[in-house]
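Source file: work24.cif. Holds: mmCIF, C-alpha atoms and all ligand atoms.
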```
data_target
#
loop_
_atom_site.label_atom_id
_atom_site.label_comp_id
_atom_site.auth_asym_id
_atom_site.auth_seq_id
_atom_site.Cartn_x
_atom_site.Cartn_y
_atom_site.Cartn_z
CA MET Z 1 64.82 178.85 114.29
CA LYS Z 2 63.15 182.15 115.02
CA LYS Z 3 62.39 184.18 111.94
CA LYS Z 4 64.28 187.40 111.46
CA ARG Z 5 62.18 190.50 111.17
CA VAL Z 6 62.05 192.95 108.31
CA LEU Z 7 60.66 196.47 108.52
CA SER Z 8 60.43 199.07 105.83
CA GLY Z 9 58.42 202.14 105.03
CA ILE Z 10 57.75 204.76 102.42
CA ARG Z 11 56.61 208.28 103.19
CA ALA Z 12 53.06 209.23 102.26
CA THR Z 13 53.90 211.86 99.68
CA GLY Z 14 51.64 210.59 96.93
CA ARG Z 15 51.68 207.78 94.44
CA LEU Z 16 54.77 205.65 94.14
CA HIS Z 17 57.19 206.02 91.24
CA LEU Z 18 59.69 203.74 89.54
CA GLY Z 19 62.42 204.73 92.00
CA ASN Z 20 60.34 203.54 94.96
CA TYR Z 21 59.47 200.35 93.10
CA LEU Z 22 62.97 199.36 92.05
CA GLY Z 23 64.81 200.70 95.10
CA ALA Z 24 62.49 199.62 97.90
CA VAL Z 25 59.36 197.67 96.91
CA LYS Z 26 61.27 195.02 94.95
CA GLY Z 27 63.34 194.33 98.05
CA MET Z 28 60.18 194.17 100.14
CA LEU Z 29 58.75 191.61 97.73
CA ALA Z 30 61.89 189.48 97.76
CA LEU Z 31 61.89 189.29 101.55
CA GLN Z 32 58.15 188.63 101.68
CA ASP Z 33 58.81 185.57 99.52
CA ASP Z 34 61.65 184.38 101.76
CA PRO Z 35 60.33 182.02 104.46
CA GLY Z 36 63.26 182.96 106.71
CA PHE Z 37 61.75 186.39 107.38
CA GLU Z 38 58.72 187.92 109.00
CA THR Z 39 57.95 191.10 107.07
CA LEU Z 40 56.32 194.34 108.22
CA TYR Z 41 55.79 197.19 105.80
CA MET Z 42 54.39 200.54 106.80
CA ILE Z 43 53.41 203.90 105.42
CA ALA Z 44 55.49 206.53 107.20
CA ASP Z 45 52.86 209.24 107.46
CA LEU Z 46 54.38 210.77 110.60
CA HIS Z 47 57.57 211.28 108.62
CA THR Z 48 55.50 213.08 105.99
CA MET Z 49 54.78 215.73 108.64
CA THR Z 50 58.47 216.61 109.02
CA THR Z 51 58.36 218.81 105.90
CA PRO Z 52 55.48 221.01 104.64
CA TYR Z 53 52.50 218.84 103.70
CA ASP Z 54 48.83 219.12 102.88
CA ARG Z 55 46.75 218.10 105.89
CA GLY Z 56 43.62 217.72 103.79
CA ASN Z 57 45.44 215.08 101.82
CA LEU Z 58 47.53 213.20 104.36
CA ARG Z 59 45.15 210.36 105.15
CA SER Z 60 44.25 209.71 101.53
CA ALA Z 61 47.93 209.90 100.53
CA ALA Z 62 48.71 207.18 103.08
CA ARG Z 63 45.87 205.06 101.77
CA GLU Z 64 47.13 205.50 98.21
CA VAL Z 65 50.48 204.03 99.21
CA VAL Z 66 48.72 201.02 100.73
CA LEU Z 67 46.97 200.53 97.38
CA ASP Z 68 50.28 200.81 95.57
CA TYR Z 69 51.85 198.28 97.95
CA LEU Z 70 49.04 195.83 97.24
CA ALA Z 71 49.15 196.48 93.51
CA CYS Z 72 52.90 195.79 93.48
CA GLY Z 73 52.28 192.40 95.09
CA LEU Z 74 52.70 192.93 98.81
CA ASP Z 75 50.32 190.46 100.35
CA PRO Z 76 48.49 191.01 103.67
CA ASP Z 77 48.49 187.25 104.25
CA ARG Z 78 52.27 187.19 104.22
CA SER Z 79 53.26 190.69 105.34
CA VAL Z 80 51.95 193.00 108.01
CA LEU Z 81 50.90 196.14 106.13
CA PHE Z 82 50.16 199.14 108.33
CA ILE Z 83 50.12 202.89 108.74
CA GLN Z 84 52.66 204.37 111.14
CA SER Z 85 50.25 206.88 112.70
CA GLU Z 86 47.87 204.06 113.64
CA VAL Z 87 50.53 202.99 116.13
CA ALA Z 88 51.70 206.54 116.77
CA GLU Z 89 51.56 206.34 120.55
CA LEU Z 90 54.13 203.55 120.54
CA HIS Z 91 56.45 204.71 117.73
CA THR Z 92 56.68 208.28 119.02
CA GLN Z 93 57.04 207.09 122.58
CA LEU Z 94 59.99 204.89 121.70
CA ALA Z 95 61.44 207.72 119.58
CA PHE Z 96 61.51 209.87 122.69
CA TYR Z 97 63.30 207.21 124.72
CA LEU Z 98 65.80 206.66 121.92
CA SER Z 99 66.44 210.40 121.57
CA THR Z 100 68.21 210.27 124.93
CA ALA Z 101 70.89 208.12 123.30
CA VAL Z 102 71.98 210.43 120.48
CA SER Z 103 73.40 213.94 120.34
CA VAL Z 104 71.97 217.02 118.61
CA ALA Z 105 75.27 217.53 116.79
CA ARG Z 106 75.10 214.02 115.30
CA MET Z 107 71.66 214.79 113.89
CA GLN Z 108 72.65 218.20 112.54
CA HIS Z 109 75.56 216.78 110.59
CA LEU Z 110 73.57 214.21 108.64
CA PRO Z 111 73.64 214.83 104.88
CA THR Z 112 69.94 213.95 104.60
CA TYR Z 113 69.12 216.64 107.18
CA LYS Z 114 71.30 219.23 105.47
CA ASP Z 115 69.61 218.53 102.14
CA LYS Z 116 66.19 219.16 103.63
CA VAL Z 117 67.41 222.36 105.28
CA THR Z 118 68.52 223.60 101.87
CA GLN Z 119 65.23 222.50 100.31
CA TYR Z 120 63.01 224.01 103.05
CA PRO Z 121 65.05 226.76 104.76
CA LYS Z 122 61.97 228.21 106.46
CA ASP Z 123 60.73 224.90 107.84
CA VAL Z 124 63.60 223.55 109.88
CA THR Z 125 61.58 222.07 112.72
CA MET Z 126 62.35 219.77 115.63
CA ALA Z 127 60.33 217.13 113.79
CA LEU Z 128 62.78 217.35 110.89
CA LEU Z 129 65.80 217.09 113.19
CA ASN Z 130 64.16 214.10 114.85
CA TYR Z 131 63.40 212.34 111.58
CA PRO Z 132 66.18 209.73 111.92
CA VAL Z 133 65.32 209.03 115.56
CA LEU Z 134 61.70 208.30 114.66
CA MET Z 135 62.93 206.09 111.83
CA ALA Z 136 65.21 204.24 114.27
CA ALA Z 137 62.17 203.76 116.51
CA ASP Z 138 60.16 202.37 113.56
CA ILE Z 139 62.82 199.74 113.01
CA LEU Z 140 63.89 198.93 116.56
CA ILE Z 141 60.34 198.71 117.91
CA TYR Z 142 59.98 195.51 115.82
CA LYS Z 143 63.58 194.46 116.49
CA ALA Z 144 63.97 194.26 112.73
CA SER Z 145 67.38 193.26 111.42
CA LYS Z 146 66.81 193.82 107.69
CA VAL Z 147 65.52 197.00 106.08
CA PRO Z 148 64.80 197.03 102.35
CA VAL Z 149 65.27 200.68 101.35
CA GLY Z 150 67.13 202.70 98.75
CA ILE Z 151 70.80 203.51 99.23
CA ASP Z 152 69.95 207.13 100.09
CA GLN Z 153 68.65 205.84 103.44
CA GLU Z 154 72.02 204.43 104.52
CA PRO Z 155 72.87 207.42 106.79
CA HIS Z 156 69.59 206.86 108.62
CA LEU Z 157 70.35 203.18 109.08
CA GLU Z 158 73.75 204.07 110.50
CA ILE Z 159 71.96 206.18 113.12
CA ALA Z 160 69.61 203.30 113.89
CA ARG Z 161 72.62 201.01 114.42
CA GLU Z 162 74.35 203.52 116.67
CA ILE Z 163 71.23 203.94 118.76
CA ALA Z 164 70.71 200.16 118.96
CA ARG Z 165 74.29 199.69 120.15
CA LYS Z 166 73.95 202.43 122.74
CA MET Z 167 70.64 201.10 124.07
CA ASN Z 168 72.11 197.62 124.32
CA GLU Z 169 75.17 198.91 126.15
CA LEU Z 170 73.43 201.30 128.51
CA TYR Z 171 70.24 199.40 129.28
CA GLY Z 172 70.93 195.81 128.37
CA MET Z 173 68.48 195.79 125.49
CA ASP Z 174 68.82 193.18 122.73
CA PHE Z 175 68.21 195.31 119.64
CA PRO Z 176 69.71 193.84 116.46
CA GLU Z 177 71.83 196.29 114.47
CA PRO Z 178 69.69 196.70 111.35
CA THR Z 179 71.31 196.51 107.93
CA ARG Z 180 70.02 197.60 104.56
CA PHE Z 181 68.70 194.96 102.19
CA ALA Z 182 69.77 196.17 98.77
CA THR Z 183 67.93 195.38 95.57
CA GLU Z 184 69.99 194.66 92.48
CA SER Z 185 68.94 197.98 91.00
CA GLY Z 186 69.96 200.01 94.04
CA TYR Z 187 70.10 203.62 93.01
CA ILE Z 188 67.50 204.77 90.48
CA PRO Z 189 68.71 207.81 88.58
CA SER Z 190 66.62 210.88 87.84
CA LEU Z 191 65.43 211.39 84.26
CA LEU Z 192 66.93 214.86 84.47
CA GLY Z 193 70.48 213.57 84.47
CA GLU Z 194 71.34 214.58 88.01
CA GLY Z 195 70.55 212.99 91.35
CA LYS Z 196 67.94 210.35 92.09
CA MET Z 197 64.39 209.84 90.89
CA SER Z 198 62.32 211.82 93.37
CA LYS Z 199 58.66 212.64 93.78
CA SER Z 200 59.50 216.18 94.85
CA ILE Z 201 61.46 216.95 91.66
CA GLU Z 202 59.18 217.45 88.66
CA GLY Z 203 60.44 215.74 85.51
CA SER Z 204 62.71 213.39 87.45
CA TYR Z 205 60.40 210.42 87.77
CA ILE Z 206 58.07 207.99 86.06
CA SER Z 207 54.95 207.25 88.08
CA LEU Z 208 53.70 203.66 88.50
CA THR Z 209 50.41 204.81 86.96
CA ASP Z 210 51.93 206.22 83.76
CA ASP Z 211 50.74 204.61 80.53
CA LEU Z 212 52.91 204.20 77.44
CA PRO Z 213 52.34 207.71 75.99
CA ALA Z 214 53.00 209.29 79.40
CA ILE Z 215 56.19 207.29 79.85
CA ALA Z 216 57.33 208.23 76.34
CA GLN Z 217 56.64 211.86 77.10
CA ARG Z 218 58.60 211.76 80.36
CA LEU Z 219 61.54 210.08 78.61
CA ALA Z 220 61.39 212.65 75.81
CA GLY Z 221 62.37 215.27 78.39
CA ALA Z 222 65.51 213.39 79.46
CA PRO Z 223 68.66 215.20 78.32
CA THR Z 224 70.93 213.52 75.78
CA ASP Z 225 73.95 214.42 73.64
CA SER Z 226 75.07 213.89 70.02
CA GLY Z 227 74.91 210.11 70.56
CA GLN Z 228 78.55 209.52 69.83
CA GLY Z 229 81.83 209.89 71.64
CA LYS Z 230 85.20 208.36 72.52
CA LYS Z 231 84.01 207.20 75.93
CA VAL Z 232 80.64 206.10 77.27
CA PRO Z 233 79.48 208.76 79.77
CA THR Z 234 79.50 207.61 83.40
CA GLU Z 235 77.25 210.36 84.70
CA GLY Z 236 74.53 212.69 83.48
CA GLY Z 237 71.48 212.15 81.29
CA VAL Z 238 72.93 209.61 78.88
CA ALA Z 239 74.50 207.52 81.63
CA ASN Z 240 71.13 207.49 83.40
CA LEU Z 241 69.32 206.37 80.26
CA PHE Z 242 71.80 203.52 79.85
CA THR Z 243 71.17 202.51 83.46
CA LEU Z 244 67.42 202.44 82.83
CA VAL Z 245 68.00 200.36 79.69
CA GLU Z 246 69.98 197.88 81.78
CA LEU Z 247 67.27 197.74 84.46
CA PHE Z 248 64.37 197.19 82.06
CA GLU Z 249 65.91 195.59 78.99
CA GLY Z 250 68.94 193.82 80.42
CA MET Z 251 72.71 194.13 80.41
CA GLU Z 252 73.10 192.94 76.83
CA LYS Z 253 70.92 195.71 75.52
CA ARG Z 254 72.95 198.23 77.45
CA GLU Z 255 76.14 196.88 75.96
CA THR Z 256 74.69 197.15 72.47
CA PHE Z 257 73.95 200.84 73.02
CA GLU Z 258 77.35 201.42 74.60
CA LYS Z 259 79.06 199.86 71.60
CA ALA Z 260 76.99 202.06 69.31
CA TYR Z 261 77.98 205.09 71.35
CA VAL Z 262 81.70 204.60 70.71
CA GLY Z 263 80.97 203.38 67.17
CA THR Z 264 78.28 204.32 64.70
CA GLY Z 265 76.29 206.39 67.17
CA VAL Z 266 73.11 206.00 69.25
CA ARG Z 267 69.75 207.20 67.98
CA TYR Z 268 68.08 208.34 71.17
CA GLN Z 269 64.66 208.39 69.59
CA ASP Z 270 64.89 204.63 69.09
CA LEU Z 271 66.44 204.02 72.49
CA LYS Z 272 63.70 206.00 74.23
CA LYS Z 273 60.94 204.30 72.28
CA GLU Z 274 62.18 200.80 73.18
CA LEU Z 275 62.80 201.81 76.76
CA ALA Z 276 59.30 203.30 77.13
CA GLU Z 277 57.82 200.04 75.87
CA ALA Z 278 59.90 197.95 78.24
CA ILE Z 279 58.94 200.10 81.23
CA SER Z 280 55.29 200.00 80.24
CA THR Z 281 55.40 196.20 80.04
CA THR Z 282 56.69 196.07 83.63
CA LEU Z 283 54.04 198.48 84.89
CA LYS Z 284 50.97 197.07 83.15
CA PRO Z 285 50.24 194.20 85.55
CA ILE Z 286 50.68 196.54 88.52
CA GLN Z 287 48.23 199.00 86.98
CA LYS Z 288 45.73 196.25 86.29
CA ARG Z 289 45.83 195.03 89.89
CA ARG Z 290 45.45 198.58 91.13
CA ARG Z 291 42.28 199.10 89.13
CA GLU Z 292 40.86 195.91 90.62
CA LEU Z 293 41.69 197.07 94.14
CA GLU Z 294 40.18 200.50 93.62
CA VAL Z 295 36.70 199.04 93.29
CA ASN Z 296 37.03 197.21 96.58
CA ALA Z 297 37.58 200.01 99.08
CA SER Z 298 36.44 198.17 102.20
CA SER Z 299 38.99 195.40 101.78
CA VAL Z 300 41.78 197.99 101.76
CA ASP Z 301 40.46 199.51 104.99
CA GLN Z 302 40.39 196.07 106.50
CA VAL Z 303 44.00 195.44 105.50
CA ILE Z 304 45.03 198.68 107.22
CA GLN Z 305 43.07 197.91 110.36
CA GLU Z 306 44.28 194.34 110.75
CA GLY Z 307 47.86 195.25 109.90
CA SER Z 308 47.93 198.01 112.48
CA GLN Z 309 46.60 195.65 115.16
CA LYS Z 310 49.29 193.09 114.44
CA ALA Z 311 51.98 195.78 114.45
CA ARG Z 312 50.73 197.20 117.73
CA ALA Z 313 50.89 193.84 119.47
CA ILE Z 314 54.60 193.50 118.67
CA ALA Z 315 55.48 197.16 119.27
CA LYS Z 316 53.84 197.17 122.69
CA VAL Z 317 56.11 194.44 124.02
CA THR Z 318 59.25 196.35 123.01
CA VAL Z 319 58.07 199.62 124.51
CA GLU Z 320 57.26 197.89 127.80
CA GLU Z 321 60.70 196.30 127.80
CA VAL Z 322 62.42 199.64 127.17
CA ARG Z 323 60.36 201.38 129.88
CA ARG Z 324 61.45 198.75 132.38
CA ALA Z 325 65.07 198.86 131.23
CA MET Z 326 65.20 202.66 131.51
CA GLY Z 327 63.69 202.76 134.98
CA LEU Z 328 60.17 203.89 134.18
CA SER Z 329 58.38 200.83 135.49
N1 LIG Z 401 63.00 207.57 105.49
C1 LIG Z 401 62.37 206.62 104.64
C2 LIG Z 401 62.33 207.18 103.21
O1 LIG Z 401 62.27 208.36 103.02
C3 LIG Z 401 60.98 206.28 105.07
C4 LIG Z 401 60.97 205.57 106.38
C5 LIG Z 401 60.47 206.01 107.55
C6 LIG Z 401 61.51 204.26 106.62
N2 LIG Z 401 60.63 205.07 108.52
C7 LIG Z 401 61.27 204.01 107.98
C8 LIG Z 401 62.17 203.33 105.83
C9 LIG Z 401 61.68 202.80 108.57
C10 LIG Z 401 62.57 202.15 106.42
C11 LIG Z 401 62.35 201.88 107.78
O2 LIG Z 401 62.30 206.42 102.29
#
```
Show me, as structure tokens, the structure contained in the file I just sent.
Ligand code: TRP
Amino acid sequence: MKKKRVLSGIRATGRLHLGNYLGAVKGMLALQDDPGFETLYMIADLHTMTTPYDRGNLRSAAREVVLDYLACGLDPDRSVLFIQSEVAELHTQLAFYLSTAVSVARMQHLPTYKDKVTQYPKDVTMALLNYPVLMAADILIYKASKVPVGIDQEPHLEIAREIARKMNELYGMDFPEPTRFATESGYIPSLLGEGKMSKSIEGSYISLTDDLPAIAQRLAGAPTDSGQGKKVPTEGGVANLFTLVELFEGMEKRETFEKAYVGTGVRYQDLKKELAEAISTTLKPIQKRRRELEVNASSVDQVIQEGSQKARAIAKVTVEEVRRAMGLS
């Protein structure tokens, strides 16, 4: 049987954090290990350009994500690892063709778009409006059917499915309708007690490079309460801490703290200390591998080059097919 394809990407906005790791990279790893899938993982540096960015830093930021991918265990012998802009002529070309199959109104009503408009009111560009179309192109160009990403990307996947359906209907294409591959952790809460862990919100995240004191310091800033109450909170800082306890120390540990909350009380100092240690234990092997990779710069460049070549070979076939189907050749 033909292997199903998997495509995912992370924007090049700097080093990865725990949210990226648990929400996306863990899913990427699981599918890489599954012989039923052919996996392609990219760095979405063109998507980075849809909001204000530092051009002096863009290339090195993309490279940093490749290093993080490798450090987390993505393996160039089993996955195609590449940078989106290395295949820009094909991804952006397909994005243009796909943009004929979706309305402006549909794009303007997306919650992800509206959030960015609020965040960057002076930088509402066509590139930003087109973000989901380019993402659909990233996925459909490889005819990927599974996409390991965080739950916040679901609206974008819905767009990709709509576009796939429309292209199949109108032009007889055979795009699969891509679905999200969810990790068990799913949504990774912010340390601040509201929203998700995000690189662009200071104090919300733990970086994959943080050592134990740094992690402890970040956790120290997480809001708490008196440690006691009639009901275990379901949202806010304390709820988020309990979620992190579950993710890194297991369900039983969470239940112990929850019992304490409605009983004798939780001492957050202890909870945070244990949690920091558990997180650090998870991150240590990743940090070790990263240090090893850092001394071997040329092998990283080779990974990028070979990955991009492999990606291009697949992407080219799809673009040619679409051009024919749409009457261009
Ligand atoms: N929008 C994704 C994010 O912010 C990044 C991304 C771009 C992506 N293209 C993609 C994810 C294609 C999956 C598939 O996380």
Closest of Z:Asp270, Z:Asp210, Z:Asp68, Z:Asp45 to ligand LIG 401 (chain Z) - atom-to-atom distances counting all atoms listed in the file: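 The shortest atom-to-atom distance to ligand LIG 401 (chain Z) comes from Z:Asp45.
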Return as a PDB file with C-alpha atoms, keeping the file's coordinate frame every polymer residue, whether protein, DNA or RNA, with at least one atom no more than 6 Å from an atom of ligand LIG 401 (chain Z); count only C-alpha atoms and all ligand atoms.
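out-v9.pdb written:
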```pdb
ATOM      1  CA  LEU Z   7      60.660 196.470 108.520  1.00  0.00           C
ATOM      2  CA  SER Z   8      60.430 199.070 105.830  1.00  0.00           C
ATOM      3  CA  GLY Z   9      58.420 202.140 105.030  1.00  0.00           C
ATOM      4  CA  ILE Z  10      57.750 204.760 102.420  1.00  0.00           C
ATOM      5  CA  ARG Z  11      56.610 208.280 103.190  1.00  0.00           C
ATOM      6  CA  ALA Z  44      55.490 206.530 107.200  1.00  0.00           C
ATOM      7  CA  MET Z 135      62.930 206.090 111.830  1.00  0.00           C
ATOM      8  CA  ASP Z 138      60.160 202.370 113.560  1.00  0.00           C
ATOM      9  CA  ILE Z 139      62.820 199.740 113.010  1.00  0.00           C
ATOM     10  CA  VAL Z 147      65.520 197.000 106.080  1.00  0.00           C
ATOM     11  CA  VAL Z 149      65.270 200.680 101.350  1.00  0.00           C
TER      12      VAL Z 149
END
```
Atomic distance CA of Pro285 in chain Z - CA of Ile206 in chain Z, expressed in Å with one decimal: 15.9 Å
Residue with smallest distance to Leu293 in chain Z - pool Z:Val232, Z:Ala71, Z:Leu31, Z:Leu94, counting all atoms listed in the file: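 Among Z:Val232, Z:Ala71, Z:Leu31, Z:Leu94, it is Z:Ala71 that comes nearest to Leu293 in chain Z.
Nearest residue to Arg63 in chain Z, choosing from Z:Tyr113, Z:Phe257, Z:Tyr97, Z:Phe82 and counting only C-alpha atoms: Z:Phe82.
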Using only C-alpha atoms: which of Z:Leu241, Z:Ile151, Z:Val102, Z:Leu170 has the shortest distance to Met326 in chain Z: Z:Leu170
Using only C-alpha atoms, determine which residues lie at most 9 Å from Thr13 in chain Z, disregarding the query and same-chain residues fewer than 3 positions distant; provide the list as a PDB file with C-alpha atoms, in the coordinates of the input.
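Generated output (result27.pdb):
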```
ATOM      1  CA  ILE Z  10      57.750 204.760 102.420  1.00  0.00           C
ATOM      2  CA  LEU Z  16      54.770 205.650  94.140  1.00  0.00           C
ATOM      3  CA  ASP Z  45      52.860 209.240 107.460  1.00  0.00           C
ATOM      4  CA  THR Z  48      55.500 213.080 105.990  1.00  0.00           C
ATOM      5  CA  TYR Z  53      52.500 218.840 103.700  1.00  0.00           C
ATOM      6  CA  LEU Z  58      47.530 213.200 104.360  1.00  0.00           C
ATOM      7  CA  ALA Z  61      47.930 209.900 100.530  1.00  0.00           C
ATOM      8  CA  ALA Z  62      48.710 207.180 103.080  1.00  0.00           C
ATOM      9  CA  VAL Z  65      50.480 204.030  99.210  1.00  0.00           C
ATOM     10  CA  LYS Z 199      58.660 212.640  93.780  1.00  0.00           C
ATOM     11  CA  SER Z 200      59.500 216.180  94.850  1.00  0.00           C
TER      12      SER Z 200
END
```
Please list as a PyMOL selection string every residue within 9 Å of Glu249 in chain Z, counting all atoms listed in the file and excluding residues in the same chain fewer than 2 positions away. chain Z and resi 244-247+251-254+274-275+278-279
Would you write out those residues with C-alpha atoms, as a PDB file, in the coordinates of the input?
```pdb
ATOM      1  CA  LEU Z 244      67.420 202.440  82.830  1.00  0.00           C
ATOM      2  CA  VAL Z 245      68.000 200.360  79.690  1.00  0.00           C
ATOM      3  CA  GLU Z 246      69.980 197.880  81.780  1.00  0.00           C
ATOM      4  CA  LEU Z 247      67.270 197.740  84.460  1.00  0.00           C
ATOM      5  CA  MET Z 251      72.710 194.130  80.410  1.00  0.00           C
ATOM      6  CA  GLU Z 252      73.100 192.940  76.830  1.00  0.00           C
ATOM      7  CA  LYS Z 253      70.920 195.710  75.520  1.00  0.00           C
ATOM      8  CA  ARG Z 254      72.950 198.230  77.450  1.00  0.00           C
ATOM      9  CA  GLU Z 274      62.180 200.800  73.180  1.00  0.00           C
ATOM     10  CA  LEU Z 275      62.800 201.810  76.760  1.00  0.00           C
ATOM     11  CA  ALA Z 278      59.900 197.950  78.240  1.00  0.00           C
ATOM     12  CA  ILE Z 279      58.940 200.100  81.230  1.00  0.00           C
TER      13      ILE Z 279
END
```
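Nearest to Arg161 in chain Z of all the residues Z:Ala239, Z:Leu98, Z:Ala313, Z:Ala105 is Z:Leu98, counting all atoms listed in the file.
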Minimum-distance residue to Ala297 in chain Z, chosen among Z:Val66, Z:Thr92, Z:Ile43, Z:His156 (using all atoms listed in the file):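 Comparing Z:Val66, Z:Thr92, Z:Ile43, Z:His156 against Ala297 in chain Z, the winner is Z:Val66.
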Env of Ala95 in chain Z: 10 Å cut, atoms = all atoms listed in the file, seq-sep filter 2 positions within chain, self excluded. Answer as a PyMOL selection string. chain Z and resi 90-93+97-100+130-138+140-141
Selected residues written out, C-alpha atoms, as a PDB file, in the coordinates of the input:
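File written: out19.pdb
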```pdb
ATOM      1  CA  LEU Z  90      54.130 203.550 120.540  1.00  0.00           C
ATOM      2  CA  HIS Z  91      56.450 204.710 117.730  1.00  0.00           C
ATOM      3  CA  THR Z  92      56.680 208.280 119.020  1.00  0.00           C
ATOM      4  CA  GLN Z  93      57.040 207.090 122.580  1.00  0.00           C
ATOM      5  CA  TYR Z  97      63.300 207.210 124.720  1.00  0.00           C
ATOM      6  CA  LEU Z  98      65.800 206.660 121.920  1.00  0.00           C
ATOM      7  CA  SER Z  99      66.440 210.400 121.570  1.00  0.00           C
ATOM      8  CA  THR Z 100      68.210 210.270 124.930  1.00  0.00           C
ATOM      9  CA  ASN Z 130      64.160 214.100 114.850  1.00  0.00           C
ATOM     10  CA  TYR Z 131      63.400 212.340 111.580  1.00  0.00           C
ATOM     11  CA  PRO Z 132      66.180 209.730 111.920  1.00  0.00           C
ATOM     12  CA  VAL Z 133      65.320 209.030 115.560  1.00  0.00           C
ATOM     13  CA  LEU Z 134      61.700 208.300 114.660  1.00  0.00           C
ATOM     14  CA  MET Z 135      62.930 206.090 111.830  1.00  0.00           C
ATOM     15  CA  ALA Z 136      65.210 204.240 114.270  1.00  0.00           C
ATOM     16  CA  ALA Z 137      62.170 203.760 116.510  1.00  0.00           C
ATOM     17  CA  ASP Z 138      60.160 202.370 113.560  1.00  0.00           C
ATOM     18  CA  LEU Z 140      63.890 198.930 116.560  1.00  0.00           C
ATOM     19  CA  ILE Z 141      60.340 198.710 117.910  1.00  0.00           C
TER      20      ILE Z 141
END
```
Please list as a PyMOL selection string every residue within 6 Å of Gly237 in chain Z, counting all atoms listed in the file and excluding residues in the same chain fewer than 5 positions away. chain Z and resi 193+223-224
Please identify all polymer residues within 12 Å of range 34-38 of chain Z, counting all atoms listed in the file, omitting same-chain residues fewer than 5 positions from it, and present them as a list in words.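 Non-adjacent residues within range: Met1, Lys2, Lys3, Lys4, Arg5, Val6, Leu7, Ser8, Gly27, Met28, Leu29, Pro76, Asp77, Arg78, Ser79, Val80, Leu81, Tyr142, Lys143, Ala144, Ser145, Lys146, Val147, Ala311 and Ile314 of chain Z.
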